[in-house]
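Below is one structure, written out as structure tokens; comments come after it.
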Amino acid sequence: DMPSCTLGALIHNPTVVEMLREHGVPAISSPDEANGRQVLIRSHGVSPDVLSNLEALGCTVLDLTCPFVDKLHRIVEGGTADGTPVIMVGEKDHPEVKGTCGWAKGDVYVVATPEEAADLPELPRAVAAAQTTFPPDRWEAIVGVLRQRVGELQEHNTICNATATRQREARELAARADA
């Protein structure tokens, strides 16, 4: 039974992360800390560099990347294969966005607001894709701006439908709740 660890906190729940650590599955912050263990890749996914780094360090990788995130990686990888730039709509410091940008073959721009989109250079063509947990209304607003800045824009709304549903339900619940 090979010892395991997770690259980053497996989920956003400190209690569960601590329980995993107590059961011998700690979270590590970089591949260098893996020491030949089996490494679980969390749902946010990682860049190809991280995967090859882990393999070079003799680690077994158990890839738990969310299927929606994996699809996003394939879109970015395929859409930029000829050097077409990618405009990633999301939070630049989010692990999913960082990982996804690593799959791009051309220039990468990350924008989180219509104002940031308006500051981009004018591009003859680009692929636009979204962080899977990005608010759908903000995606629409940003894409509206991108259509003015990019000659040929390939739009990929990669927002996870479960996320959109949860965000809508949270808004409805917040409107009814006192606290």
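Ligands are numbered from 1 in the order shown, chains are lettered A, B, ... in the order of the structure tokens, and residues start at 1 in each chain.
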Fill in: Members of chain A assigned alpha helix (DSSP H) by DSSP, as JSON, numbers by chain
{"A": [14, 15, 16, 17, 18, 19, 20, 21, 22, 48, 49, 50, 51, 52, 53, 54, 55, 56, 67, 68, 69, 70, 71, 72, 73, 74, 75, 76, 77, 78, 79, 95, 96, 97, 98, 99, 100, 101, 114, 115, 116, 117, 118, 136, 137, 138, 139, 140, 141, 142, 143, 144, 145, 146, 147, 148, 149, 161, 162, 163, 164, 165, 166, 167, 168, 169, 170, 171, 172, 173, 174, 175, 176]}
Create the file for the chosen residues now, containing C-alpha atoms and written as a PDB file, in the first residue's frame.
ATOM      1  CA  PRO A  14     -10.251  22.280   6.905  1.00  0.00           C
ATOM      2  CA  THR A  15     -11.896  19.538   9.004  1.00  0.00           C
ATOM      3  CA  VAL A  16     -11.731  17.013   6.161  1.00  0.00           C
ATOM      4  CA  VAL A  17      -8.183  18.087   5.211  1.00  0.00           C
ATOM      5  CA  GLU A  18      -7.088  17.552   8.851  1.00  0.00           C
ATOM      6  CA  MET A  19      -8.859  14.164   8.982  1.00  0.00           C
ATOM      7  CA  LEU A  20      -7.031  13.074   5.806  1.00  0.00           C
ATOM      8  CA  ARG A  21      -3.727  14.165   7.348  1.00  0.00           C
ATOM      9  CA  GLU A  22      -4.485  12.134  10.492  1.00  0.00           C
ATOM     10  CA  PRO A  48       1.216  19.606 -17.821  1.00  0.00           C
ATOM     11  CA  ASP A  49       4.488  20.846 -16.241  1.00  0.00           C
ATOM     12  CA  VAL A  50       3.303  19.756 -12.785  1.00  0.00           C
ATOM     13  CA  LEU A  51       2.342  16.292 -14.089  1.00  0.00           C
ATOM     14  CA  SER A  52       5.703  15.760 -15.844  1.00  0.00           C
ATOM     15  CA  ASN A  53       7.492  17.089 -12.758  1.00  0.00           C
ATOM     16  CA  LEU A  54       5.738  14.499 -10.560  1.00  0.00           C
ATOM     17  CA  GLU A  55       6.531  11.696 -13.003  1.00  0.00           C
ATOM     18  CA  ALA A  56      10.203  12.782 -13.118  1.00  0.00           C
ATOM     19  CA  PRO A  67     -14.348  16.335 -15.877  1.00  0.00           C
ATOM     20  CA  PHE A  68     -15.490  19.931 -16.551  1.00  0.00           C
ATOM     21  CA  VAL A  69     -11.964  21.186 -15.790  1.00  0.00           C
ATOM     22  CA  ASP A  70     -10.416  18.424 -17.916  1.00  0.00           C
ATOM     23  CA  LYS A  71     -12.672  19.483 -20.822  1.00  0.00           C
ATOM     24  CA  LEU A  72     -11.497  23.091 -20.296  1.00  0.00           C
ATOM     25  CA  HIS A  73      -7.857  21.907 -20.501  1.00  0.00           C
ATOM     26  CA  ARG A  74      -8.567  20.090 -23.787  1.00  0.00           C
ATOM     27  CA  ILE A  75     -10.294  23.187 -25.258  1.00  0.00           C
ATOM     28  CA  VAL A  76      -7.357  25.434 -24.328  1.00  0.00           C
ATOM     29  CA  GLU A  77      -4.759  22.920 -25.531  1.00  0.00           C
ATOM     30  CA  GLY A  78      -6.541  22.252 -28.852  1.00  0.00           C
ATOM     31  CA  GLY A  79      -7.653  25.825 -29.526  1.00  0.00           C
ATOM     32  CA  PRO A  95      -5.449  27.167  -8.857  1.00  0.00           C
ATOM     33  CA  GLU A  96      -7.793  26.063 -11.662  1.00  0.00           C
ATOM     34  CA  VAL A  97      -6.896  29.115 -13.763  1.00  0.00           C
ATOM     35  CA  LYS A  98      -3.162  28.709 -13.103  1.00  0.00           C
ATOM     36  CA  GLY A  99      -3.338  25.033 -14.087  1.00  0.00           C
ATOM     37  CA  THR A 100      -5.404  25.713 -17.208  1.00  0.00           C
ATOM     38  CA  CYS A 101      -3.055  28.439 -18.464  1.00  0.00           C
ATOM     39  CA  PRO A 114     -15.203  43.827 -18.278  1.00  0.00           C
ATOM     40  CA  GLU A 115     -12.724  46.644 -17.479  1.00  0.00           C
ATOM     41  CA  GLU A 116      -9.775  44.219 -17.683  1.00  0.00           C
ATOM     42  CA  ALA A 117     -11.178  42.853 -20.955  1.00  0.00           C
ATOM     43  CA  ALA A 118     -11.367  46.421 -22.345  1.00  0.00           C
ATOM     44  CA  PRO A 136     -22.340  33.245 -15.709  1.00  0.00           C
ATOM     45  CA  ASP A 137     -23.569  36.868 -15.792  1.00  0.00           C
ATOM     46  CA  ARG A 138     -19.980  38.154 -15.464  1.00  0.00           C
ATOM     47  CA  TRP A 139     -18.875  35.805 -18.297  1.00  0.00           C
ATOM     48  CA  GLU A 140     -21.595  37.303 -20.552  1.00  0.00           C
ATOM     49  CA  ALA A 141     -20.529  40.870 -19.695  1.00  0.00           C
ATOM     50  CA  ILE A 142     -16.861  40.114 -20.400  1.00  0.00           C
ATOM     51  CA  VAL A 143     -17.548  38.262 -23.667  1.00  0.00           C
ATOM     52  CA  GLY A 144     -19.572  41.288 -24.797  1.00  0.00           C
ATOM     53  CA  VAL A 145     -16.404  43.386 -24.443  1.00  0.00           C
ATOM     54  CA  LEU A 146     -14.171  40.720 -26.040  1.00  0.00           C
ATOM     55  CA  ARG A 147     -16.341  40.674 -29.180  1.00  0.00           C
ATOM     56  CA  GLN A 148     -15.307  44.335 -29.704  1.00  0.00           C
ATOM     57  CA  ARG A 149     -11.570  43.612 -29.164  1.00  0.00           C
ATOM     58  CA  ASN A 161     -23.735  23.752 -14.892  1.00  0.00           C
ATOM     59  CA  ALA A 162     -23.722  22.530 -11.273  1.00  0.00           C
ATOM     60  CA  THR A 163     -21.927  25.769 -10.301  1.00  0.00           C
ATOM     61  CA  ALA A 164     -24.479  27.949 -12.089  1.00  0.00           C
ATOM     62  CA  THR A 165     -27.315  26.063 -10.345  1.00  0.00           C
ATOM     63  CA  ARG A 166     -25.675  26.382  -6.901  1.00  0.00           C
ATOM     64  CA  GLN A 167     -25.046  30.105  -7.392  1.00  0.00           C
ATOM     65  CA  ARG A 168     -28.683  30.684  -8.422  1.00  0.00           C
ATOM     66  CA  GLU A 169     -29.947  28.665  -5.429  1.00  0.00           C
ATOM     67  CA  ALA A 170     -27.642  30.626  -3.086  1.00  0.00           C
ATOM     68  CA  ARG A 171     -29.036  33.933  -4.406  1.00  0.00           C
ATOM     69  CA  GLU A 172     -32.629  32.708  -3.962  1.00  0.00           C
ATOM     70  CA  LEU A 173     -31.927  31.467  -0.439  1.00  0.00           C
ATOM     71  CA  ALA A 174     -30.118  34.686   0.529  1.00  0.00           C
ATOM     72  CA  ALA A 175     -33.120  36.728  -0.621  1.00  0.00           C
ATOM     73  CA  ARG A 176     -35.411  34.769   1.757  1.00  0.00           C
TER      74      ARG A 176
END
Discussion item. Between atom CA of Arg125 of chain A and atom CA of Val46 of chain A, what is the distance in Å, rounded to a tenth?
Written reply: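 Atom CA of Arg125 of chain A sits 25.9 Å away from atom CA of Val46 of chain A.
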Discussion item. Just want the 8 Å neighbourhood of Val39 of chain A, counted on only C-alpha atoms, with same-chain residues fewer than 4 positions away dropped. Output as a ChimeraX atom specification.
Written reply: /A:4-7,34,59-62
Response to the item:
Shortest contact to Ile11 of chain A, candidates A:Thr113, A:Thr65, A:Asp32, A:Thr132, atoms counted only C-alpha atoms, goes to A:Thr65
Discussion item. Env of Cys66 of chain A: 8 Å cut, atoms = only C-alpha atoms, seq-sep filter 5 positions within chain, self excluded. Answer as a ChimeraX atom specification.
Written reply: /A:42-45
Given the selection you just returned, output its residues as a file containing C-alpha atoms, formatted as a PDB file, in the first residue's frame.
ATOM      1  CA  ARG A  42      -7.500  17.626  -6.798  1.00  0.00           C
ATOM      2  CA  SER A  43     -10.531  18.647  -8.863  1.00  0.00           C
ATOM      3  CA  HIS A  44      -8.950  22.044  -9.820  1.00  0.00           C
ATOM      4  CA  GLY A  45      -6.430  20.177 -12.003  1.00  0.00           C
TER       5      GLY A  45
END
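The smallest atom-to-atom distance between Thr84 of chain A and any of A:Ala129, A:Ala104, A:Ile41, A:Ala177, using only C-alpha atoms, is found for A:Ala104.
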Practice prompt. Step one, run DSSP on the backbone; step two, keep only residues of chain A assigned to strand (DSSP E or B); then write them as a PyMOL selection string.
Written response: chain A and resi 4-7+27-28+38-41+60-63+86-89+108-111+123-130+150-156
Worksheet item: Just how far from atom CA of Leu64 of chain A is atom CA of Gly90 of chain A, in Å to one decimal?
Response: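 Computed distance, atom CA of Gly90 of chain A to atom CA of Leu64 of chain A, equals 21.1 Å.
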Item to complete: Give me, please, the distance in Å between atom CA of His23 of chain A and atom CA of Leu57 of chain A, quoted to one decimal.
Response: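 Here the two named atoms are 23.6 Å from each other.
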Fill in: Nearest to Leu40 of chain A, chosen from A:Asp63, A:Ile28, A:Thr158, A:Val127, with only C-alpha atoms counted in the distances
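Under the stated criterion, the closest residue is A:Asp63.
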Practice prompt. With a distance cut-off of 8 Å and only C-alpha atoms, select the neighbouring residues of Val89 of chain A, excluding the residue or stretch itself and same-chain residues fewer than 6 positions from it, and output the selection as an MDAnalysis selection string.
Written response: chainID A and resid 110:112 128:131 134 139 142
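Restricting the calculation to only C-alpha atoms, the smallest distance between Lys105 of chain A and any of A:Pro121, A:Pro135, A:Pro26, A:Gly83 is found for A:Gly83.
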